[in-house]
Each structure stands twice: as C-alpha cells, then as structure tokens.
$ cat query_19.csv   # CSV, C-alpha atoms
chain,number,residue,atom,x,y,z
A,9,MET,CA,4.5,9.2,-9.8
A,10,THR,CA,1.6,11.6,-10.2
A,11,SER,CA,1.3,14.9,-8.2
A,12,THR,CA,-1.2,17.7,-8.1
A,13,VAL,CA,0.5,19.8,-5.4
A,14,PRO,CA,3.7,21.8,-5.7
A,15,ALA,CA,6.3,20.6,-3.2
A,16,SER,CA,6.8,24.1,-1.8
A,17,SER,CA,3.2,24.3,-0.7
A,18,THR,CA,3.0,21.2,1.4
A,19,ARG,CA,4.9,22.1,4.5
A,20,THR,CA,2.7,22.4,7.6
A,21,ALA,CA,2.8,25.5,9.8
A,22,GLU,CA,3.8,23.3,12.7
A,23,GLY,CA,7.4,23.0,11.3
A,24,ALA,CA,8.9,20.0,13.2
A,25,ALA,CA,5.5,18.3,13.5
A,26,LEU,CA,3.6,16.0,11.0
A,27,GLN,CA,4.4,17.1,7.4
A,28,ALA,CA,2.6,14.4,5.4
A,29,VAL,CA,0.7,11.1,5.6
A,30,LEU,CA,1.6,8.3,3.3
A,31,LEU,CA,-0.8,5.4,2.9
A,32,ASP,CA,-0.3,2.0,1.4
A,33,MET,CA,-3.3,0.8,-0.8
A,34,ASP,CA,-4.0,-3.0,-0.8
A,35,GLY,CA,-5.0,-4.3,2.6
A,36,THR,CA,-4.5,-0.9,4.2
A,37,LEU,CA,-6.8,1.5,2.5
A,38,VAL,CA,-8.9,-0.9,0.5
A,39,ASP,CA,-9.9,-4.5,1.3
A,40,THR,CA,-8.2,-6.1,-1.7
A,41,GLU,CA,-5.4,-8.4,-0.4
A,42,GLY,CA,-7.9,-11.3,-0.7
A,43,PHE,CA,-8.6,-10.2,-4.3
A,44,TRP,CA,-4.9,-10.6,-5.2
A,45,TRP,CA,-4.7,-14.1,-3.6
A,46,ASP,CA,-7.9,-15.2,-5.4
A,47,ALA,CA,-6.5,-13.9,-8.7
A,48,GLU,CA,-3.3,-15.8,-8.1
A,49,VAL,CA,-5.1,-19.0,-7.2
A,50,GLU,CA,-7.4,-18.8,-10.3
A,51,VAL,CA,-4.5,-18.1,-12.7
A,52,PHE,CA,-2.4,-20.9,-11.4
A,53,ALA,CA,-5.3,-23.3,-11.4
A,54,GLU,CA,-5.7,-22.6,-15.1
A,55,LEU,CA,-2.0,-23.3,-15.5
A,56,GLY,CA,-2.5,-26.7,-13.7
A,57,HIS,CA,-1.1,-25.8,-10.3
A,58,ARG,CA,-2.7,-25.6,-6.9
A,59,LEU,CA,-1.4,-22.9,-4.5
A,60,ASP,CA,-0.6,-23.7,-0.9
A,61,GLU,CA,-2.4,-21.4,1.5
A,62,ALA,CA,0.9,-21.1,3.4
A,63,TRP,CA,2.5,-19.3,0.5
A,64,ARG,CA,0.0,-16.4,1.0
A,65,ASP,CA,2.0,-15.0,3.8
A,66,VAL,CA,5.1,-14.9,1.6
A,67,VAL,CA,3.6,-13.0,-1.3
A,68,VAL,CA,1.3,-10.6,0.6
A,69,GLY,CA,2.4,-7.0,0.3
A,70,GLY,CA,5.3,-7.8,-2.1
A,71,PRO,CA,6.0,-6.2,-5.5
A,72,MET,CA,4.5,-8.1,-8.4
A,73,THR,CA,7.9,-9.3,-9.7
A,74,ARG,CA,8.8,-10.8,-6.3
A,75,SER,CA,5.4,-12.4,-5.6
A,76,ALA,CA,4.9,-13.8,-9.1
A,77,GLY,CA,8.5,-14.9,-9.3
A,78,TYR,CA,8.2,-16.8,-6.1
A,79,LEU,CA,5.0,-18.6,-7.2
A,80,ILE,CA,6.6,-19.6,-10.5
A,81,ASP,CA,9.6,-21.0,-8.5
A,82,VAL,CA,7.5,-23.0,-6.0
A,83,THR,CA,5.0,-24.4,-8.5
A,84,GLY,CA,7.4,-24.9,-11.5
A,85,ALA,CA,4.7,-23.4,-13.7
A,86,ASP,CA,5.7,-23.1,-17.4
A,87,ILE,CA,5.2,-19.4,-17.8
A,88,THR,CA,7.5,-16.3,-17.9
A,89,LEU,CA,7.4,-13.6,-15.3
A,90,GLY,CA,6.2,-11.1,-17.8
A,91,GLU,CA,3.4,-13.3,-19.0
A,92,LEU,CA,2.3,-14.1,-15.5
A,93,THR,CA,2.3,-10.4,-14.5
A,94,VAL,CA,-0.1,-9.5,-17.4
A,95,LEU,CA,-2.4,-12.4,-16.4
A,96,LEU,CA,-2.5,-11.4,-12.7
A,97,ASN,CA,-3.1,-7.7,-13.4
A,98,ASP,CA,-5.8,-8.5,-15.9
A,99,ARG,CA,-7.6,-10.9,-13.4
A,100,PHE,CA,-7.3,-8.4,-10.5
A,101,GLU,CA,-8.5,-5.5,-12.7
A,102,ARG,CA,-11.6,-7.5,-13.6
A,103,ARG,CA,-12.3,-8.1,-9.9
A,104,ILE,CA,-11.9,-4.4,-8.8
A,105,GLY,CA,-14.0,-3.3,-11.8
A,106,ARG,CA,-17.0,-4.4,-9.7
A,107,GLY,CA,-16.1,-1.9,-7.0
A,108,VAL,CA,-13.5,-1.8,-4.2
A,109,PRO,CA,-14.5,-2.0,-0.5
A,110,LEU,CA,-12.7,0.5,1.8
A,111,MET,CA,-11.2,-0.8,5.0
A,112,PRO,CA,-13.1,0.2,8.2
A,113,GLY,CA,-12.2,3.7,9.2
A,114,ALA,CA,-10.6,4.6,5.9
A,115,ALA,CA,-13.2,7.0,4.6
A,116,ARG,CA,-13.3,8.9,7.9
A,117,LEU,CA,-9.5,9.2,8.1
A,118,LEU,CA,-9.2,10.4,4.5
A,119,ALA,CA,-12.0,13.0,5.1
A,120,GLU,CA,-10.2,14.2,8.3
A,121,LEU,CA,-6.9,14.6,6.6
A,122,ALA,CA,-8.5,16.5,3.7
A,123,ARG,CA,-10.4,18.8,6.2
A,124,HIS,CA,-7.1,19.7,7.9
A,125,GLU,CA,-5.3,20.0,4.6
A,126,ILE,CA,-2.7,17.4,5.5
A,127,PRO,CA,-0.6,16.5,2.4
A,128,THR,CA,-1.6,12.9,1.7
A,129,ALA,CA,-0.1,10.3,-0.7
A,130,LEU,CA,-0.9,6.9,-1.9
A,131,VAL,CA,2.2,4.7,-2.1
A,132,SER,CA,1.7,1.2,-3.5
A,133,ALA,CA,3.6,-1.7,-5.0
A,134,SER,CA,0.7,-2.2,-7.4
A,135,HIS,CA,1.1,-1.0,-11.0
A,136,ARG,CA,-0.2,2.4,-12.2
A,137,ARG,CA,-3.0,0.8,-14.2
A,138,ILE,CA,-4.3,-0.8,-11.0
A,139,ILE,CA,-3.9,2.3,-8.8
A,140,ASP,CA,-5.8,4.4,-11.3
A,141,GLN,CA,-8.7,2.0,-11.3
A,142,VAL,CA,-8.8,1.8,-7.5
A,143,LEU,CA,-8.8,5.6,-7.3
A,144,GLU,CA,-12.0,5.7,-9.2
A,145,SER,CA,-13.7,4.0,-6.2
A,146,VAL,CA,-11.7,5.7,-3.4
A,147,GLY,CA,-11.6,9.2,-4.9
A,148,ARG,CA,-8.4,10.5,-6.4
A,149,HIS,CA,-9.1,13.9,-4.9
A,150,HIS,CA,-8.0,12.6,-1.5
A,151,PHE,CA,-4.4,12.3,-2.7
A,152,ALA,CA,-2.1,15.1,-3.8
A,153,LEU,CA,0.5,12.5,-4.9
A,154,THR,CA,0.5,8.8,-5.9
A,155,VAL,CA,3.5,6.5,-6.3
A,156,ALA,CA,3.1,3.2,-8.2
A,157,GLY,CA,5.3,0.1,-8.0
A,158,ASP,CA,6.2,0.3,-11.7
A,159,GLU,CA,7.2,3.9,-11.5
A,160,VAL,CA,10.2,3.4,-9.2
A,161,SER,CA,13.4,1.5,-9.9
A,162,ARG,CA,13.2,-0.4,-6.6
A,163,THR,CA,9.8,-1.0,-4.9
A,164,LYS,CA,9.0,-2.2,-1.4
A,165,PRO,CA,10.7,-3.4,0.8
A,166,HIS,CA,13.2,-0.9,-0.6
A,167,PRO,CA,12.7,2.6,0.8
A,168,GLU,CA,12.6,4.3,-2.6
A,169,PRO,CA,8.8,4.5,-2.9
A,170,TYR,CA,8.5,6.3,0.5
A,171,LEU,CA,11.5,8.5,-0.1
A,172,THR,CA,10.0,9.5,-3.5
A,173,ALA,CA,6.7,10.4,-1.9
A,174,ALA,CA,8.3,12.4,0.9
A,175,SER,CA,10.5,14.2,-1.6
A,176,GLY,CA,7.5,15.0,-3.8
A,177,PHE,CA,6.0,16.9,-0.8
A,178,GLY,CA,9.3,18.5,0.2
A,179,ALA,CA,8.9,16.7,3.5
A,180,GLU,CA,11.4,15.1,5.9
A,181,PRO,CA,10.8,11.4,6.0
A,182,GLU,CA,11.0,11.3,9.8
A,183,ARG,CA,8.1,13.8,9.8
A,184,CYS,CA,6.0,11.6,7.6
A,185,ALA,CA,3.5,9.1,9.1
A,186,VAL,CA,3.1,5.9,7.0
A,187,ILE,CA,0.2,3.5,7.3
A,188,GLU,CA,0.9,-0.1,6.2
A,189,ASP,CA,-0.5,-3.5,6.6
A,190,THR,CA,2.4,-5.9,5.7
A,191,ALA,CA,5.9,-6.5,7.0
A,192,THR,CA,7.2,-5.7,3.5
A,193,GLY,CA,5.6,-2.2,3.5
A,194,VAL,CA,6.6,-1.5,7.1
A,195,ALA,CA,10.2,-2.4,6.2
A,196,ALA,CA,10.2,0.0,3.3
A,197,ALA,CA,8.7,2.9,5.4
A,198,GLU,CA,11.1,2.3,8.3
A,199,ALA,CA,14.1,2.1,6.0
A,200,ALA,CA,13.1,5.5,4.6
A,201,GLY,CA,13.1,6.9,8.1
A,202,CYS,CA,9.3,7.4,8.4
A,203,ARG,CA,7.2,6.8,11.5
A,204,VAL,CA,4.8,3.8,10.9
A,205,VAL,CA,1.4,2.7,11.9
A,206,ALA,CA,0.9,-1.0,11.1
A,207,VAL,CA,-2.6,-2.4,10.6
A,208,PRO,CA,-1.9,-6.1,9.9
A,209,SER,CA,-4.2,-7.6,7.3
A,210,VAL,CA,-2.9,-11.2,6.7
A,211,ALA,CA,0.2,-11.8,8.8
A,212,PRO,CA,0.9,-10.4,12.2
A,213,ILE,CA,3.4,-7.5,12.7
A,214,ALA,CA,5.1,-6.9,16.0
A,215,PRO,CA,5.4,-3.4,17.7
A,216,ALA,CA,8.8,-1.7,17.6
A,217,PHE,CA,10.5,1.6,18.3
A,218,GLY,CA,8.8,4.3,16.1
A,219,ARG,CA,6.1,1.8,15.1
A,220,MET,CA,2.6,1.5,16.4
A,221,VAL,CA,0.5,-1.6,15.7
A,222,VAL,CA,-3.3,-1.2,15.7
A,223,ARG,CA,-6.2,-3.5,14.8
A,224,SER,CA,-8.0,-1.2,12.5
A,225,LEU,CA,-7.9,2.3,10.9
A,226,GLU,CA,-10.8,3.1,13.2
A,227,GLU,CA,-8.2,3.5,15.9
A,228,VAL,CA,-6.3,6.1,13.9
A,229,ASP,CA,-7.0,9.8,13.6
A,230,LEU,CA,-5.0,13.0,12.9
A,231,ALA,CA,-4.2,13.4,16.6
A,232,PHE,CA,-2.8,9.8,16.7
A,233,LEU,CA,-0.6,10.4,13.7
A,234,ARG,CA,0.7,13.7,15.0
A,235,GLY,CA,1.6,12.0,18.3
A,236,LEU,CA,3.4,9.3,16.5
A,237,VAL,CA,5.6,11.8,14.7
A,238,THR,CA,6.3,14.0,17.7
A,239,GLY,CA,7.0,11.0,20.0
A,240,THR,CA,4.1,11.7,22.3
A,241,ARG,CA,2.4,8.5,21.5
$ encode --input "query_19.csv" --output "structure tokens"
Amino acid sequence: MTSTVPASSTRTAEGAALQAVLLDMDGTLVDTEGFWWDAEVEVFAELGHRLDEAWRDVVVGGPMTRSAGYLIDVTGADITLGELTVLLNDRFERRIGRGVPLMPGAARLLAELARHEIPTALVSASHRRIIDQVLESVGRHHFALTVAGDEVSRTKPHPEPYLTAASGFGAEPERCAVIEDTATGVAAAEAAGCRVVAVPSVAPIAPAFGRMVVRSLEEVDLAFLRGLVTGTR
C-alpha cells in the first residue's frame, strides 16, 4: 500500500457523511479488461491452447492467482502458476506501455473529487508494478492512497483490500463509496461494509440493497456518491 496523506487528515467535516471514495482500476477507471483477456489469449496460444470466450466471465476482475490458476486447470497447460503470472504481467505491461484509455466520465469524476478534497484511493487486484505504470497515464496525484493485489494477504473477493484502504484514511467502511465493475470487486467491497456503485464492464451485475448499478461513470458525481452513503439515493 502506498499513501501520501496522514490518516488523521482525511476525515470530512460532514462527520457521518461520505468520508472517502475507493475506486477499482481495470474496467472501472481505465478501459483495460480487454487488455488482460487479449494478453491471456496470446500467452495461451503460444503455449498451444485456445481459450474459450465463455471463460472470460470467470476470470474477469479476479486476482491474478485465481484467474491464472483457473486457466491452467481448464486448459491443462504445462506451466506453473508463478511462470504464468510473470508472462501475463509482462504481456499486459507491454500493452499499457502504449497508453491507457480512461473510461468515459473517469477524468471528470477524478477532477471533481480532487476539487472538493475528497480522500480518494485506487484499490486493485493488479500487482504493484502494473498499478504504477497505469498511474503514469491516469495521474498518481489523483490518489492519496493505492492498494495493490500483491500487497495484501487476501485480495478480492476478500474484503481486506477495501478494509485496508478505509483504515489508511481513518474512515469507517460504511462511509466509503466504492466504484467497481465486476461481481468479484463488488463482493469484496460489500463484505468490507462499503456502499457500492457497480459499473458492469463484461458481465452484468444486479442491483441490491446498498448497491447502485449504472451504465457509465458519466452517471456518477460527488452528489451521487454522497447520496449513496447517506441513504438518500
């Protein structure tokens, strides 16, 4: 985890209202879920295996160990989990080295959160090396804190990543708004006790108590997130 803001300085003056915004990265903030799938397809093709498109819904949003392990199991590829993880990260890193497209509405939302000095964190299942490269495109100044999948003992769908981020801000999880694009990420945020905005990228996500589902970040602004936390939305 990296942080640039002391936890004691992150509480909002509104007390019981919104205390922090925690954003997923791939598919939520940046349009890279397709990059991961393309990297997986290419690597497995070189190993002599063709990936079934139906497997994409299984691996999307998951931690590297789960996604890579699943693909090894279903293909029977002769490769270790550690070896495959290195290959996938290398292939993905080459792709994002050419630039990372932001999701529609992402730049506006990040600017609004910064303008109102809302504590904002990036919470991803991706490894630190990947997050740091993506931040070169997105702008690391938007985030006072970042949590990588290889920096926690249990990553999504376990709540630890979001509990870690909330703790880093000295915030109560139920006063944090999380923005996620996959069922795996939503499960992690809700298990942590956070309020969730789901912006499905690959597979659909159903609405539920304490969870709003929208089509795009263009539908999300600070007022929306405050309403989600206070129960007025």
$ atom_distance --input "query_19.csv" --atom1 "atom CA of Gly157 of chain A" --atom2 "atom CA of Ala25 of chain A"
28.2 Å
$ closest_residue --input "query_19.csv" --among "A:Ala62, A:Val222, A:Met9, A:Ala133" --to "Gly193 of chain A" --atoms "only C-alpha atoms"
A:Ala133
$ closest_atom_pairs --input "query_19.csv" --of "segment 76-131 of chain A" --to "segment 158-174 of chain A" --cutoff "12 Å" --atoms "only C-alpha atoms" --output "JSON lines"
{"residue": "A:Thr93", "atom": "CA", "partner": "A:Asp158", "partner_atom": "CA", "distance": 11.7}
{"residue": "A:Pro127", "atom": "CA", "partner": "A:Ala174", "partner_atom": "CA", "distance": 9.9}
{"residue": "A:Thr128", "atom": "CA", "partner": "A:Ala173", "partner_atom": "CA", "distance": 9.4}
{"residue": "A:Ala129", "atom": "CA", "partner": "A:Ala173", "partner_atom": "CA", "distance": 6.9}
{"residue": "A:Leu130", "atom": "CA", "partner": "A:Ala173", "partner_atom": "CA", "distance": 8.4}
{"residue": "A:Val131", "atom": "CA", "partner": "A:Pro169", "partner_atom": "CA", "distance": 6.7}
$ residues_around --input "query_19.csv" --residues "segment 109-122 of chain A" --least-positions-apart "5" --cutoff "12 Å" --atoms "only C-alpha atoms" --output "number ranges by chain"
A: 26-43, 103-104, 127-130, 142-152, 187, 189, 207-209, 223-234
$ atom_distance --input "query_19.csv" --atom1 "atom CA of Thr73 of chain A" --atom2 "atom CA of Leu96 of chain A"
11.0 Å
$ closest_residue --input "query_19.csv" --among "A:Leu153, A:Ala85, A:Val194, A:Ala206" --to "Gly178 of chain A" --atoms "all atoms listed in the file"
A:Leu153
$ closest_residue --input "query_19.csv" --among "A:Gly176, A:Leu236, A:Ala211, A:Ala216" --to "Ser11 of chain A" --atoms "only C-alpha atoms"
A:Gly176
$ closest_residue --input "query_19.csv" --among "A:Val68, A:Arg137, A:Tyr78, A:Leu95" --to "Glu54 of chain A" --atoms "all atoms listed in the file"
A:Leu95
$ closest_residue --input "query_19.csv" --among "A:Gly235, A:Gly84, A:Gly105, A:Gly56" --to "Asp140 of chain A" --atoms "all atoms listed in the file"
A:Gly105
$ residues_around --input "query_19.csv" --residues "segment 64-66 of chain A" --least-positions-apart "3" --cutoff "9 Å" --atoms "all atoms listed in the file" --output "VMD selection string"
chain A and resid 45 59 to 61 69 to 70 75 78 210 to 211
$ atom_distance --input "query_19.csv" --atom1 "atom CA of Ala47 of chain A" --atom2 "atom CA of Glu188 of chain A"
21.6 Å
$ closest_residue --input "query_19.csv" --among "A:Trp44, A:Pro71, A:Thr83, A:Gln141" --to "Gly107 of chain A" --atoms "all atoms listed in the file"
A:Gln141
